[in-house]
Amino acid sequence: MTEPRQIQITRGDVVTLHYEIRLPDNRVVDSSFEGEPMAFVLGDGSFAPKLEEALIGLPLGEHTRILLTPEFAFGTPDPEMIHELPRSDVPNDLALSIDDVVEFDLPNGDAVAGTVRAINEET
């Protein structure tokens with residue numbers, strides 16, 4: 001009698017998963033576990049190529065951890081991407097601390113995550 005063939009993830013499959021993104025200090029900066037899992041077509045460019053490669057071949061229902069270094073995830077830090085915001089642009093009820101990850105709205109309507117690197121009286 002042959003063993004049942006285990007289904008494996010391949011490029012072009014619709015993959016549904018929960019994810020959690022952690023920083024090197026183990027802080028969680030994004031997670032889907034409080035809500036619905038994310039669904040996407042593997043290979044459509046929704047995720048970093050190294051992440052997609054790591055998913056290919058995983059069995060259906062597999063639980064795994066995938067470690068991506070910055071250059072294969074969101075990129076290495078870029079000093080040109082550091083911006084100061086006037087305190088007046090920050091809601092009064094938002095208590096910020098150094099290294100907090102916050103979401104910013106761009107002029108085109110997109111949202112982007114940023115990390116608080118410094119806080120002073122004006123910025």
# chains A, B, ... in the order shown; residues from 1 in each chain; ligands from 1
>>> residues_around(residues="A:Asp44", least_positions_apart="5", cutoff="12 Å", atoms="only C-alpha atoms", output="PyMOL selection string")
chain A and resi 11-15+39+49+52
>>> residues_around(residues="stretch 72-76 of chain A", least_positions_apart="2", cutoff="12 Å", atoms="only C-alpha atoms", output="list in words")
Ile21, Arg22, Leu23, Ser46, Phe47, Ala48, Pro49, Lys50, Leu51, Glu52, Glu53, Ala54, Ile66, Leu67, Leu68, Thr69, Pro70, Asp78, Pro79, Glu80, Met81, Val112, Ala113 and Gly114 of chain A
>>> write_last_selection(atoms="C-alpha atoms", output="mmCIF file, in the first residue's frame")
data_model
loop_
_atom_site.group_PDB
_atom_site.id
_atom_site.type_symbol
_atom_site.label_atom_id
_atom_site.label_comp_id
_atom_site.auth_asym_id
_atom_site.auth_seq_id
_atom_site.Cartn_x
_atom_site.Cartn_y
_atom_site.Cartn_z
ATOM 1 C CA ILE A 21 7.269 40.004 11.997
ATOM 2 C CA ARG A 22 9.826 40.428 14.771
ATOM 3 C CA LEU A 23 12.837 42.663 15.166
ATOM 4 C CA SER A 46 3.400 40.207 -2.903
ATOM 5 C CA PHE A 47 6.291 39.177 -0.685
ATOM 6 C CA ALA A 48 10.069 39.313 -0.708
ATOM 7 C CA PRO A 49 11.463 36.718 -3.141
ATOM 8 C CA LYS A 50 13.451 34.961 -0.384
ATOM 9 C CA LEU A 51 10.267 34.545 1.666
ATOM 10 C CA GLU A 52 8.410 33.120 -1.309
ATOM 11 C CA GLU A 53 11.308 30.725 -1.983
ATOM 12 C CA ALA A 54 11.169 29.552 1.642
ATOM 13 C CA ILE A 66 11.582 31.880 8.371
ATOM 14 C CA LEU A 67 14.450 34.227 9.205
ATOM 15 C CA LEU A 68 15.148 36.947 6.660
ATOM 16 C CA THR A 69 18.085 39.297 7.033
ATOM 17 C CA PRO A 70 17.311 42.977 6.272
ATOM 18 C CA ASP A 78 18.785 54.095 4.555
ATOM 19 C CA PRO A 79 19.787 57.441 6.150
ATOM 20 C CA GLU A 80 17.945 59.221 3.311
ATOM 21 C CA MET A 81 14.697 57.759 4.650
ATOM 22 C CA VAL A 112 4.136 53.124 5.451
ATOM 23 C CA ALA A 113 5.656 51.952 8.725
ATOM 24 C CA GLY A 114 8.322 53.986 10.458
#
>>> closest_residue(among="A:Arg117, A:Ile82, A:Arg65, A:Gly109", to="A:Ser97", atoms="only C-alpha atoms")
A:Arg117
>>> atom_distance(atom1="atom CA of A:Val116", atom2="atom CA of A:Val102")
7.5 Å
>>> select_by_dssp(residues="chain A", states="strand (DSSP E or B)", output="mmCIF file with N, CA and C atoms, in the first residue's frame")
data_model
loop_
_atom_site.group_PDB
_atom_site.id
_atom_site.type_symbol
_atom_site.label_atom_id
_atom_site.label_comp_id
_atom_site.auth_asym_id
_atom_site.auth_seq_id
_atom_site.Cartn_x
_atom_site.Cartn_y
_atom_site.Cartn_z
ATOM 1 N N GLN A 8 2.117 19.854 -1.289
ATOM 2 C CA GLN A 8 3.152 20.842 -1.012
ATOM 3 C C GLN A 8 2.846 22.135 -1.750
ATOM 4 N N VAL A 14 -2.640 29.528 -4.277
ATOM 5 C CA VAL A 14 -3.172 30.513 -3.343
ATOM 6 C C VAL A 14 -2.796 30.024 -1.953
ATOM 7 N N VAL A 15 -1.999 30.811 -1.255
ATOM 8 C CA VAL A 15 -1.507 30.451 0.074
ATOM 9 C C VAL A 15 -2.221 31.319 1.099
ATOM 10 N N THR A 16 -2.718 30.697 2.143
ATOM 11 C CA THR A 16 -3.348 31.414 3.243
ATOM 12 C C THR A 16 -2.522 31.148 4.487
ATOM 13 N N LEU A 17 -2.075 32.221 5.128
ATOM 14 C CA LEU A 17 -1.209 32.036 6.290
ATOM 15 C C LEU A 17 -1.349 33.171 7.291
ATOM 16 N N GLU A 20 3.966 36.730 11.570
ATOM 17 C CA GLU A 20 4.404 37.607 12.649
ATOM 18 C C GLU A 20 5.792 38.105 12.276
ATOM 19 N N ILE A 21 5.974 39.413 12.313
ATOM 20 C CA ILE A 21 7.269 40.004 11.997
ATOM 21 C C ILE A 21 7.885 40.510 13.290
ATOM 22 N N ARG A 22 9.109 40.042 13.554
ATOM 23 C CA ARG A 22 9.826 40.428 14.771
ATOM 24 C C ARG A 22 11.139 41.112 14.412
ATOM 25 N N VAL A 28 7.597 42.189 18.490
ATOM 26 C CA VAL A 28 6.680 41.987 17.368
ATOM 27 C C VAL A 28 6.299 43.358 16.818
ATOM 28 N N VAL A 29 6.504 43.563 15.507
ATOM 29 C CA VAL A 29 6.140 44.830 14.880
ATOM 30 C C VAL A 29 4.936 44.697 13.961
ATOM 31 N N ASP A 30 4.574 43.486 13.607
ATOM 32 C CA ASP A 30 3.372 43.258 12.810
ATOM 33 C C ASP A 30 2.972 41.800 12.967
ATOM 34 N N SER A 31 1.671 41.567 12.998
ATOM 35 C CA SER A 31 1.170 40.203 13.166
ATOM 36 C C SER A 31 -0.251 40.116 12.632
ATOM 37 N N MET A 38 -3.737 35.974 6.067
ATOM 38 C CA MET A 38 -3.520 36.637 4.786
ATOM 39 C C MET A 38 -3.534 35.601 3.666
ATOM 40 N N ALA A 39 -4.147 35.944 2.547
ATOM 41 C CA ALA A 39 -4.161 35.052 1.384
ATOM 42 C C ALA A 39 -3.498 35.777 0.214
ATOM 43 N N PHE A 40 -2.687 35.050 -0.544
ATOM 44 C CA PHE A 40 -2.008 35.629 -1.697
ATOM 45 C C PHE A 40 -1.617 34.509 -2.649
ATOM 46 N N VAL A 41 -1.296 34.878 -3.877
ATOM 47 C CA VAL A 41 -0.824 33.913 -4.869
ATOM 48 C C VAL A 41 0.698 33.870 -4.778
ATOM 49 N N PRO A 59 4.826 21.537 3.261
ATOM 50 C CA PRO A 59 3.588 20.756 3.245
ATOM 51 C C PRO A 59 2.399 21.586 3.725
ATOM 52 N N VAL A 101 7.192 51.382 16.540
ATOM 53 C CA VAL A 101 6.907 51.311 15.107
ATOM 54 C C VAL A 101 5.511 51.884 14.908
ATOM 55 N N VAL A 102 5.414 52.906 14.065
ATOM 56 C CA VAL A 102 4.145 53.587 13.832
ATOM 57 C C VAL A 102 3.857 53.641 12.334
ATOM 58 N N GLU A 103 2.587 53.827 12.002
ATOM 59 C CA GLU A 103 2.177 53.905 10.605
ATOM 60 C C GLU A 103 1.972 55.361 10.222
ATOM 61 N N PHE A 104 2.480 55.730 9.053
ATOM 62 C CA PHE A 104 2.340 57.077 8.531
ATOM 63 C C PHE A 104 1.587 57.019 7.213
ATOM 64 N N ASP A 105 0.738 58.019 6.974
ATOM 65 C CA ASP A 105 0.038 58.127 5.700
ATOM 66 C C ASP A 105 0.862 59.001 4.761
ATOM 67 N N ALA A 111 0.077 53.854 3.036
ATOM 68 C CA ALA A 111 0.572 53.881 4.410
ATOM 69 C C ALA A 111 1.932 53.200 4.448
ATOM 70 N N VAL A 112 2.798 53.689 5.311
ATOM 71 C CA VAL A 112 4.136 53.124 5.451
ATOM 72 C C VAL A 112 4.481 53.081 6.937
ATOM 73 N N ALA A 113 5.236 52.063 7.331
ATOM 74 C CA ALA A 113 5.656 51.952 8.725
ATOM 75 C C ALA A 113 6.957 52.703 8.929
ATOM 76 N N GLY A 114 7.091 53.298 10.095
ATOM 77 C CA GLY A 114 8.322 53.986 10.458
ATOM 78 C C GLY A 114 8.665 53.691 11.903
ATOM 79 N N THR A 115 9.911 53.901 12.251
ATOM 80 C CA THR A 115 10.389 53.649 13.607
ATOM 81 C C THR A 115 10.793 54.969 14.248
#
>>> closest_residue(among="A:Tyr19, A:Ile9, A:Leu85, A:Ala118", to="A:Ser32", atoms="only C-alpha atoms")
A:Tyr19
>>> atom_distance(atom1="atom CA of A:Pro24", atom2="atom CA of A:Leu55")
21.4 Å
>>> atom_distance(atom1="atom CA of A:Gln6", atom2="atom CA of A:Glu36")
25.3 Å
